[in-house]
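Pasting final.cif here (mmCIF, C-alpha atoms):
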data_coords
loop_
_atom_site.label_atom_id
_atom_site.label_comp_id
_atom_site.auth_asym_id
_atom_site.auth_seq_id
_atom_site.Cartn_x
_atom_site.Cartn_y
_atom_site.Cartn_z
CA MET A 1 -2.22 -1.83 9.57
CA ASN A 2 -2.19 -1.90 5.75
CA LEU A 3 -4.76 -3.79 3.69
CA GLU A 4 -2.41 -6.69 2.98
CA GLU A 5 -1.71 -7.27 6.66
CA ASP A 6 -5.37 -6.86 7.57
CA LYS A 7 -6.27 -9.50 5.00
CA ALA A 8 -3.51 -11.80 6.29
CA PHE A 9 -4.76 -11.59 9.88
CA ARG A 10 -8.31 -12.36 8.73
CA LYS A 11 -7.09 -15.42 6.84
CA LEU A 12 -5.16 -16.64 9.89
CA LYS A 13 -8.30 -16.37 11.99
CA GLU A 14 -10.44 -18.07 9.34
CA SER A 15 -7.99 -20.98 9.18
CA ASP A 16 -8.14 -21.47 12.97
CA THR A 17 -4.35 -21.23 13.07
CA PHE A 18 -2.98 -20.58 16.54
CA TYR A 19 -0.97 -17.37 16.31
CA GLN A 20 0.50 -14.70 18.54
CA GLU A 21 1.74 -11.18 17.83
CA HIS A 22 4.77 -9.60 19.51
CA PHE A 23 6.45 -6.19 19.51
CA ILE A 24 9.98 -6.61 20.86
CA GLN A 25 12.44 -3.86 21.77
CA ASN A 26 16.15 -4.26 22.46
CA LYS A 27 16.17 -0.99 24.40
CA LYS A 28 13.33 1.26 25.53
CA GLU A 29 14.39 4.07 23.23
CA GLU A 30 14.60 1.82 20.16
CA ALA A 31 11.79 1.11 17.69
CA ALA A 32 10.15 -2.26 18.26
CA VAL A 33 10.39 -5.18 15.84
CA HIS A 34 7.08 -6.80 14.94
CA TRP A 35 6.86 -10.60 15.02
CA ILE A 36 4.11 -13.12 14.27
CA SER A 37 4.26 -16.72 15.50
CA THR A 38 2.08 -19.62 14.39
CA GLY A 39 1.78 -23.13 15.77
CA CYS A 40 4.15 -22.40 18.64
CA LYS A 41 2.85 -24.86 21.21
CA PRO A 42 5.11 -26.00 24.11
CA ASP A 43 5.78 -29.39 22.49
CA LYS A 44 7.53 -27.90 19.43
CA SER A 45 11.33 -28.22 19.34
CA LYS A 46 11.91 -26.82 15.85
CA VAL A 47 11.57 -23.20 14.77
CA LEU A 48 11.31 -21.88 11.21
CA ILE A 49 11.87 -18.15 10.63
CA PHE A 50 10.89 -16.25 7.48
CA ILE A 51 12.77 -13.09 6.41
CA HIS A 52 11.06 -11.10 3.64
CA GLY A 53 12.60 -9.20 0.76
CA SER A 54 12.48 -5.50 -0.11
CA PRO A 55 9.85 -4.21 0.23
CA GLY A 56 7.67 -6.73 2.04
CA SER A 57 6.27 -7.92 5.35
CA TRP A 58 5.62 -11.09 7.34
CA SER A 59 2.35 -11.50 5.43
CA ASN A 60 4.32 -12.46 2.29
CA TYR A 61 4.69 -15.88 3.92
CA LEU A 62 1.09 -16.29 5.03
CA ARG A 63 0.54 -19.47 3.03
CA TYR A 64 3.49 -21.11 4.79
CA LEU A 65 2.56 -19.80 8.23
CA LYS A 66 -0.86 -21.46 8.10
CA ASP A 67 0.12 -24.63 6.24
CA PRO A 68 -1.14 -27.70 8.18
CA GLU A 69 1.87 -29.90 7.33
CA LEU A 70 4.42 -27.28 8.34
CA LEU A 71 2.45 -26.51 11.51
CA LYS A 72 2.85 -30.15 12.58
CA ILE A 73 6.64 -29.77 12.43
CA TYR A 74 7.53 -26.18 13.22
CA CYS A 75 6.89 -23.28 15.48
CA MET A 76 6.95 -20.65 12.70
CA LEU A 77 7.98 -17.01 13.02
CA GLY A 78 7.41 -14.18 10.58
CA VAL A 79 9.00 -10.77 11.06
CA ASP A 80 8.62 -7.30 9.64
CA ARG A 81 12.14 -6.07 8.95
CA PRO A 82 12.87 -2.57 10.36
CA GLY A 83 11.05 0.04 8.30
CA PHE A 84 8.45 -2.36 6.90
CA GLY A 85 5.02 -3.48 8.03
CA LYS A 86 4.59 -2.71 11.73
CA SER A 87 8.33 -2.42 12.43
CA SER A 88 9.36 1.23 12.35
CA GLY A 89 12.89 2.60 12.34
CA ALA A 90 14.28 1.73 8.89
CA ILE A 91 17.89 0.50 8.85
CA ALA A 92 19.50 0.40 5.39
CA ASP A 93 22.26 -1.94 6.53
CA VAL A 94 22.29 -5.75 6.26
CA ASN A 95 24.55 -6.25 9.27
CA LEU A 96 22.70 -3.88 11.62
CA GLN A 97 19.34 -5.30 10.57
CA ALA A 98 20.50 -8.85 11.22
CA GLU A 99 21.79 -7.88 14.66
CA LYS A 100 18.56 -6.13 15.61
CA ILE A 101 16.29 -8.91 14.35
CA LEU A 102 18.42 -11.57 16.04
CA ASN A 103 18.52 -9.73 19.36
CA THR A 104 14.74 -9.32 19.41
CA MET A 105 14.32 -12.95 18.32
CA THR A 106 16.15 -14.19 21.41
CA LYS A 107 13.61 -12.32 23.58
CA LEU A 108 10.61 -14.04 22.04
CA PRO A 109 8.86 -16.42 24.48
CA GLU A 110 8.79 -19.03 21.70
CA ILE A 111 12.62 -19.00 21.59
CA GLN A 112 13.16 -18.76 25.33
CA ARG A 113 11.39 -22.08 25.90
CA GLY A 114 14.56 -23.96 25.00
CA ILE A 115 14.19 -24.65 21.27
CA LYS A 116 16.52 -27.35 19.99
CA SER A 117 17.03 -26.15 16.42
CA ILE A 118 16.27 -23.15 14.27
CA SER A 119 15.90 -23.00 10.49
CA ILE A 120 15.79 -19.66 8.70
CA LEU A 121 14.58 -18.73 5.22
CA GLY A 122 15.39 -15.49 3.43
CA HIS A 123 14.17 -14.31 0.03
CA SER A 124 15.92 -11.67 -2.11
CA TYR A 125 17.31 -8.94 0.21
CA GLY A 126 16.12 -11.10 3.10
CA GLY A 127 18.70 -13.70 2.02
CA PRO A 128 21.83 -11.85 3.18
CA VAL A 129 19.98 -10.72 6.32
CA ALA A 130 19.14 -14.35 7.14
CA ALA A 131 22.68 -15.49 6.33
CA ARG A 132 24.20 -12.78 8.54
CA MET A 133 21.94 -13.91 11.38
CA ALA A 134 23.28 -17.44 10.89
CA THR A 135 26.86 -16.14 11.32
CA LEU A 136 25.98 -14.31 14.54
CA TYR A 137 24.40 -17.37 16.18
CA PRO A 138 26.06 -20.28 14.30
CA GLU A 139 25.54 -22.96 16.94
CA LYS A 140 21.75 -22.49 16.93
CA PHE A 141 20.87 -22.44 13.23
CA GLN A 142 20.53 -25.88 11.68
CA PHE A 143 19.31 -25.01 8.16
CA LEU A 144 19.57 -21.86 6.06
CA PHE A 145 17.30 -21.50 3.02
CA LEU A 146 18.32 -18.85 0.49
CA LEU A 147 15.70 -18.13 -2.18
CA ALA A 148 16.79 -15.85 -5.03
CA ALA A 149 19.13 -14.31 -2.47
CA ALA A 150 21.35 -11.34 -3.33
CA MET A 151 24.68 -12.59 -1.93
CA ASP A 152 27.35 -11.78 -4.53
CA PRO A 153 28.55 -8.16 -4.35
CA GLU A 154 30.02 -8.32 -7.85
CA ALA A 155 26.56 -9.12 -9.23
CA GLU A 156 24.94 -6.16 -7.47
CA GLU A 157 24.66 -2.98 -9.52
CA ILE A 158 22.52 0.06 -8.86
CA LYS A 159 19.75 0.10 -11.47
CA TRP A 160 18.65 3.21 -13.35
CA TYR A 161 15.37 3.28 -11.44
CA ASN A 162 17.24 3.21 -8.10
CA LYS A 163 19.09 6.37 -9.13
CA ILE A 164 15.88 8.10 -10.16
CA ALA A 165 14.10 7.03 -6.97
CA ASP A 166 16.96 8.52 -4.97
CA THR A 167 16.15 12.03 -6.21
CA TRP A 168 14.20 14.18 -3.78
CA ILE A 169 11.18 14.70 -6.00
CA ILE A 170 10.65 11.00 -6.76
CA GLY A 171 11.47 10.08 -3.18
CA TRP A 172 8.75 12.47 -2.05
CA ILE A 173 6.20 10.80 -4.37
CA LEU A 174 7.11 7.19 -3.55
CA PRO A 175 5.22 5.32 -0.82
CA GLU A 176 7.30 5.19 2.36
CA GLU A 177 8.12 1.47 2.15
CA TRP A 178 9.29 1.80 -1.46
CA ALA A 179 11.55 4.69 -0.45
CA TYR A 180 12.96 2.53 2.37
CA SER A 181 13.44 -0.31 -0.10
CA ASN A 182 15.38 1.90 -2.48
CA SER A 183 17.59 3.14 0.36
CA GLU A 184 18.50 -0.51 1.05
CA MET A 185 19.57 -1.15 -2.53
CA LEU A 186 21.99 1.77 -2.83
CA PRO A 187 24.68 0.62 -0.31
CA LEU A 188 24.09 -3.13 -0.71
CA LYS A 189 27.12 -3.88 -2.92
CA LYS A 190 29.56 -2.36 -0.41
CA GLN A 191 27.86 -4.08 2.53
CA LEU A 192 27.99 -7.49 0.85
CA LYS A 193 31.72 -7.05 0.16
CA SER A 194 32.37 -6.38 3.84
CA LEU A 195 30.47 -9.55 4.83
CA ILE A 196 32.43 -11.98 2.63
CA PRO A 197 34.83 -13.04 5.46
CA GLU A 198 31.85 -13.78 7.73
CA TRP A 199 30.20 -16.39 5.52
CA LYS A 200 32.74 -19.08 6.39
CA THR A 201 31.50 -19.06 10.00
CA ILE A 202 28.05 -20.38 9.02
CA LYS A 203 27.46 -23.89 10.31
CA ALA A 204 23.90 -24.33 9.07
CA LYS A 205 23.39 -26.62 6.12
CA THR A 206 22.52 -24.23 3.30
CA ILE A 207 19.86 -24.79 0.65
CA VAL A 208 20.00 -22.38 -2.29
CA VAL A 209 17.08 -22.07 -4.73
CA GLN A 210 17.55 -19.82 -7.75
CA GLY A 211 15.60 -19.17 -10.94
CA GLU A 212 17.71 -19.21 -14.09
CA GLU A 213 15.66 -16.36 -15.61
CA ASP A 214 15.75 -14.08 -12.57
CA THR A 215 16.17 -10.48 -13.74
CA LEU A 216 16.48 -8.96 -10.25
CA VAL A 217 19.08 -11.26 -8.68
CA ASP A 218 21.86 -12.67 -10.86
CA PRO A 219 21.40 -16.44 -11.40
CA LYS A 220 25.13 -16.87 -10.71
CA ASN A 221 24.62 -16.13 -7.01
CA PRO A 222 24.62 -19.85 -6.07
CA GLU A 223 28.20 -20.08 -7.39
CA PHE A 224 29.20 -17.35 -4.95
CA VAL A 225 27.59 -19.23 -2.05
CA ARG A 226 29.39 -22.45 -2.93
CA LYS A 227 32.70 -20.57 -3.13
CA TYR A 228 32.52 -18.65 0.14
CA PHE A 229 30.45 -20.85 2.44
CA SER A 230 32.42 -23.58 4.22
CA THR A 231 29.30 -25.50 5.25
CA GLU A 232 27.42 -28.05 3.14
CA VAL A 233 25.54 -26.32 0.31
CA LYS A 234 22.78 -27.86 -1.79
CA THR A 235 21.70 -25.93 -4.89
CA TYR A 236 18.50 -26.01 -6.93
CA LEU A 237 18.64 -24.09 -10.23
CA LEU A 238 15.17 -23.77 -11.73
CA PRO A 239 14.92 -23.40 -15.54
CA LYS A 240 12.44 -20.80 -16.84
CA GLU A 241 11.85 -19.44 -13.33
CA GLY A 242 12.32 -15.85 -12.17
CA HIS A 243 12.60 -14.02 -8.88
CA PHE A 244 9.36 -14.71 -7.03
CA LEU A 245 10.14 -18.26 -5.94
CA PRO A 246 8.35 -18.39 -2.56
CA TRP A 247 5.00 -17.95 -4.31
CA LYS A 248 5.46 -19.32 -7.84
CA ASN A 249 7.31 -22.40 -6.61
CA TYR A 250 5.46 -22.98 -3.37
CA ASP A 251 5.24 -26.75 -3.79
CA LEU A 252 9.01 -27.14 -4.16
CA ILE A 253 9.83 -24.82 -1.24
CA HIS A 254 7.21 -26.55 0.90
CA LYS A 255 8.74 -29.94 0.03
CA LEU A 256 12.25 -28.75 0.92
CA LEU A 257 11.10 -27.32 4.28
CA ILE A 258 9.68 -30.71 5.18
CA GLU A 259 12.59 -32.69 3.75
CA PHE A 260 15.18 -30.70 5.71
CA SER A 261 13.26 -30.63 8.96
CA GLU A 262 14.90 -33.81 10.24
#
The structure in this file should be written as structure tokens.
Amino acid sequence: MNLEEDKAFRKLKESDTFYQEHFIQNKKEEAAVHWISTGCKPDKSKVLIFIHGSPGSWSNYLRYLKDPELLKIYCMLGVDRPGFGKSSGAIADVNLQAEKILNTMTKLPEIQRGIKSISILGHSYGGPVAARMATLYPEKFQFLFLLAAAMDPEAEEIKWYNKIADTWIIGWILPEEWAYSNSEMLPLKKQLKSLIPEWKTIKAKTIVVQGEEDTLVDPKNPEFVRKYFSTEVKTYLLPKEGHFLPWKNYDLIHKLLIEFSE
């Protein structure tokens, strides 16, 4: 357990938030996916899932996972994507990650209780992973929240630092999760191109939040979503805001999660 996760668990305990931890495998020989659930009592009919960016972990969403107002509405699930946090077995592929996360999700006791609706939120690289999950299980997902999500392949370019990090000497120096993160960035453009035909199958109402001064994800990404998604799309463009929306714009995201819970 890294220091960030250790701190997150301590804060959950201090807040008296009811939580459970799961390690779910699709097959015995596969690496397990690590999940955290909060507020998942038997009376809850709505689930909210958080998909982190690159790098990251479930603990990035700690403030949401222990929020009293959200806990009244949702059974909330945080996940470590493969290769991050406590989930081993890195997979530098949006589609394969989405499939693995979704398959382990369906085995969670919180999901097997007969949940009526699922909302999913993805930030940055977690955006296309969340959206792909919504295409694979379209009848179950009610709302899809995309925060500074990298969706448009034409806006994705390998940065100079990605090329440097891909050299063996820098890769050897980088912390493991940063090396995994870089390996995700390199093939992303091609993967996003291949997923374009899939987006029209999404049925979930989609809420896109994007900072106009984001230097990591092109602020024109919402235009791509409106063009290729056939479902209802609501867009929030935030002037003078950058990439780190889940934390810098917590009040707005919190408000939207409550507003679109009905």
Fill in: Nearest to A:Phe244, chosen from A:Ser117, A:Thr231, A:Thr38, A:Ser54, with all atoms listed in the file counted in the distances
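Among the listed residues, A:Ser54 lies closest to A:Phe244.
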Worksheet item: Which distance in Å separates atom CA of A:Leu77 and atom CA of A:Phe260, to one decimal?
Response: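 Separation of atom CA of A:Leu77 and atom CA of A:Phe260: 17.1 Å.
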Worksheet entry | Within 7 Å of A:Ala8 using all atoms listed in the file, minus same-chain residues under 4 positions, as an MDAnalysis selection string | chainID A and resid 4 12 59 62
Please, could you write that set of residues out with C-alpha atoms as a PDB file, in the coordinates of the input?
ATOM      1  CA  GLU A   4      -2.410  -6.690   2.980  1.00  0.00           C
ATOM      2  CA  LEU A  12      -5.160 -16.640   9.890  1.00  0.00           C
ATOM      3  CA  SER A  59       2.350 -11.500   5.430  1.00  0.00           C
ATOM      4  CA  LEU A  62       1.090 -16.290   5.030  1.00  0.00           C
TER       5      LEU A  62
END
Worksheet item: Counting all atoms listed in the file, which of A:Val33, A:His123, A:Glu110, A:Ser57 gets nearest to A:Pro82?
Response: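 Counting all atoms listed in the file, the residue closest to A:Pro82 is A:Val33.
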Discussion item. With distances taken over all atoms listed in the file, which residue among A:Gly89, A:Pro55, A:Gly83, A:Gly211 lies nearest A:Pro246?
Written reply: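 Closest candidate: A:Gly211.
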Item to complete: Would you list the contacts of stretch 143-156 of chain A as a PyMOL selection string, taking every protein, DNA or RNA residue within 6 Å and counting only C-alpha atoms, but skipping same-chain residues closer than 3 positions in sequence?
Response: chain A and resi 119-125+127-128+189+192-193+204-210+217+221+224+243
Output for the residues just chosen: C-alpha atoms as a PDB file, in the frame of the given file:
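Result written to part_16.pdb:
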ATOM      1  CA  SER A 119      15.900 -23.000  10.490  1.00  0.00           C
ATOM      2  CA  ILE A 120      15.790 -19.660   8.700  1.00  0.00           C
ATOM      3  CA  LEU A 121      14.580 -18.730   5.220  1.00  0.00           C
ATOM      4  CA  GLY A 122      15.390 -15.490   3.430  1.00  0.00           C
ATOM      5  CA  HIS A 123      14.170 -14.310   0.030  1.00  0.00           C
ATOM      6  CA  SER A 124      15.920 -11.670  -2.110  1.00  0.00           C
ATOM      7  CA  TYR A 125      17.310  -8.940   0.210  1.00  0.00           C
ATOM      8  CA  GLY A 127      18.700 -13.700   2.020  1.00  0.00           C
ATOM      9  CA  PRO A 128      21.830 -11.850   3.180  1.00  0.00           C
ATOM     10  CA  LYS A 189      27.120  -3.880  -2.920  1.00  0.00           C
ATOM     11  CA  LEU A 192      27.990  -7.490   0.850  1.00  0.00           C
ATOM     12  CA  LYS A 193      31.720  -7.050   0.160  1.00  0.00           C
ATOM     13  CA  ALA A 204      23.900 -24.330   9.070  1.00  0.00           C
ATOM     14  CA  LYS A 205      23.390 -26.620   6.120  1.00  0.00           C
ATOM     15  CA  THR A 206      22.520 -24.230   3.300  1.00  0.00           C
ATOM     16  CA  ILE A 207      19.860 -24.790   0.650  1.00  0.00           C
ATOM     17  CA  VAL A 208      20.000 -22.380  -2.290  1.00  0.00           C
ATOM     18  CA  VAL A 209      17.080 -22.070  -4.730  1.00  0.00           C
ATOM     19  CA  GLN A 210      17.550 -19.820  -7.750  1.00  0.00           C
ATOM     20  CA  VAL A 217      19.080 -11.260  -8.680  1.00  0.00           C
ATOM     21  CA  ASN A 221      24.620 -16.130  -7.010  1.00  0.00           C
ATOM     22  CA  PHE A 224      29.200 -17.350  -4.950  1.00  0.00           C
ATOM     23  CA  HIS A 243      12.600 -14.020  -8.880  1.00  0.00           C
TER      24      HIS A 243
END
Practice prompt. Could you please determine the separation between atom CA of A:Ala98 and atom CA of A:Arg132 in Å, to one decimal place?
Written response: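 Atom CA of A:Ala98 sits 6.0 Å away from atom CA of A:Arg132.
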Worksheet item: Of the candidates A:Thr215, A:Gly39, A:Arg226, A:Lys203, which one gets nearest to A:Pro68 if we count only C-alpha atoms?
Response: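 Residue with the minimum atom-to-atom distance to A:Pro68: A:Gly39.
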Worksheet item: Looking at all atoms listed in the file, which of A:Leu188, A:Ile24, A:Leu245, A:Ile118 is the one that sits closest to A:Ala134?
Response: A:Ile118
Worksheet item: Nearest to A:Lys13 among A:Ala131, A:Leu48, A:Leu65, A:Ile91, with distances taken over only C-alpha atoms: which residue is it?
Response: A:Leu65
Practice prompt. Would you kindly translate the PyMOL selection byres ((chain A and resi 35) around 7) into the concrete residues it picks from this file, as a ChimeraX atom specification?
Written response: /A:21-23,33-34,36-37,77-80
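In this model, the gap between atom CA of A:His254 and atom CA of A:Glu223 comes to 23.5 Å.
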What are the centre and the three edge lengths of an axis-aligned box that wraps all atoms of stretch 187-197 of chain A in the file, given that 3 Å is added to every side, written as JSON and rounded to one decimal in Å?
{"center_x": 29.5, "center_y": -6.2, "center_z": 1.3, "size_x": 16.7, "size_y": 19.7, "size_z": 14.4}
Convert the output of the PyMOL selection byres ((chain A and resi 2) around 12) on the shown file into explicit residues, formatted as a PDB file with C-alpha atoms, in the coordinates of the input.
ATOM      1  CA  MET A   1      -2.220  -1.830   9.570  1.00  0.00           C
ATOM      2  CA  LEU A   3      -4.760  -3.790   3.690  1.00  0.00           C
ATOM      3  CA  GLU A   4      -2.410  -6.690   2.980  1.00  0.00           C
ATOM      4  CA  GLU A   5      -1.710  -7.270   6.660  1.00  0.00           C
ATOM      5  CA  ASP A   6      -5.370  -6.860   7.570  1.00  0.00           C
ATOM      6  CA  LYS A   7      -6.270  -9.500   5.000  1.00  0.00           C
ATOM      7  CA  ALA A   8      -3.510 -11.800   6.290  1.00  0.00           C
ATOM      8  CA  PHE A   9      -4.760 -11.590   9.880  1.00  0.00           C
ATOM      9  CA  GLY A  56       7.670  -6.730   2.040  1.00  0.00           C
ATOM     10  CA  SER A  57       6.270  -7.920   5.350  1.00  0.00           C
ATOM     11  CA  SER A  59       2.350 -11.500   5.430  1.00  0.00           C
ATOM     12  CA  PHE A  84       8.450  -2.360   6.900  1.00  0.00           C
ATOM     13  CA  GLY A  85       5.020  -3.480   8.030  1.00  0.00           C
ATOM     14  CA  LYS A  86       4.590  -2.710  11.730  1.00  0.00           C
ATOM     15  CA  GLU A 177       8.120   1.470   2.150  1.00  0.00           C
TER      16      GLU A 177
END
Determine, counting only C-alpha atoms, which protein, DNA and RNA residues have an atom within 8 Å of an atom of A:Thr104; residues of the same chain fewer than 2 positions away are not included. Present the result as a PDB file with C-alpha atoms, in the coordinates of the input.
ATOM      1  CA  ILE A  24       9.980  -6.610  20.860  1.00  0.00           C
ATOM      2  CA  GLN A  25      12.440  -3.860  21.770  1.00  0.00           C
ATOM      3  CA  ASN A  26      16.150  -4.260  22.460  1.00  0.00           C
ATOM      4  CA  VAL A  33      10.390  -5.180  15.840  1.00  0.00           C
ATOM      5  CA  LYS A 100      18.560  -6.130  15.610  1.00  0.00           C
ATOM      6  CA  ILE A 101      16.290  -8.910  14.350  1.00  0.00           C
ATOM      7  CA  LEU A 102      18.420 -11.570  16.040  1.00  0.00           C
ATOM      8  CA  THR A 106      16.150 -14.190  21.410  1.00  0.00           C
ATOM      9  CA  LYS A 107      13.610 -12.320  23.580  1.00  0.00           C
ATOM     10  CA  LEU A 108      10.610 -14.040  22.040  1.00  0.00           C
TER      11      LEU A 108
END
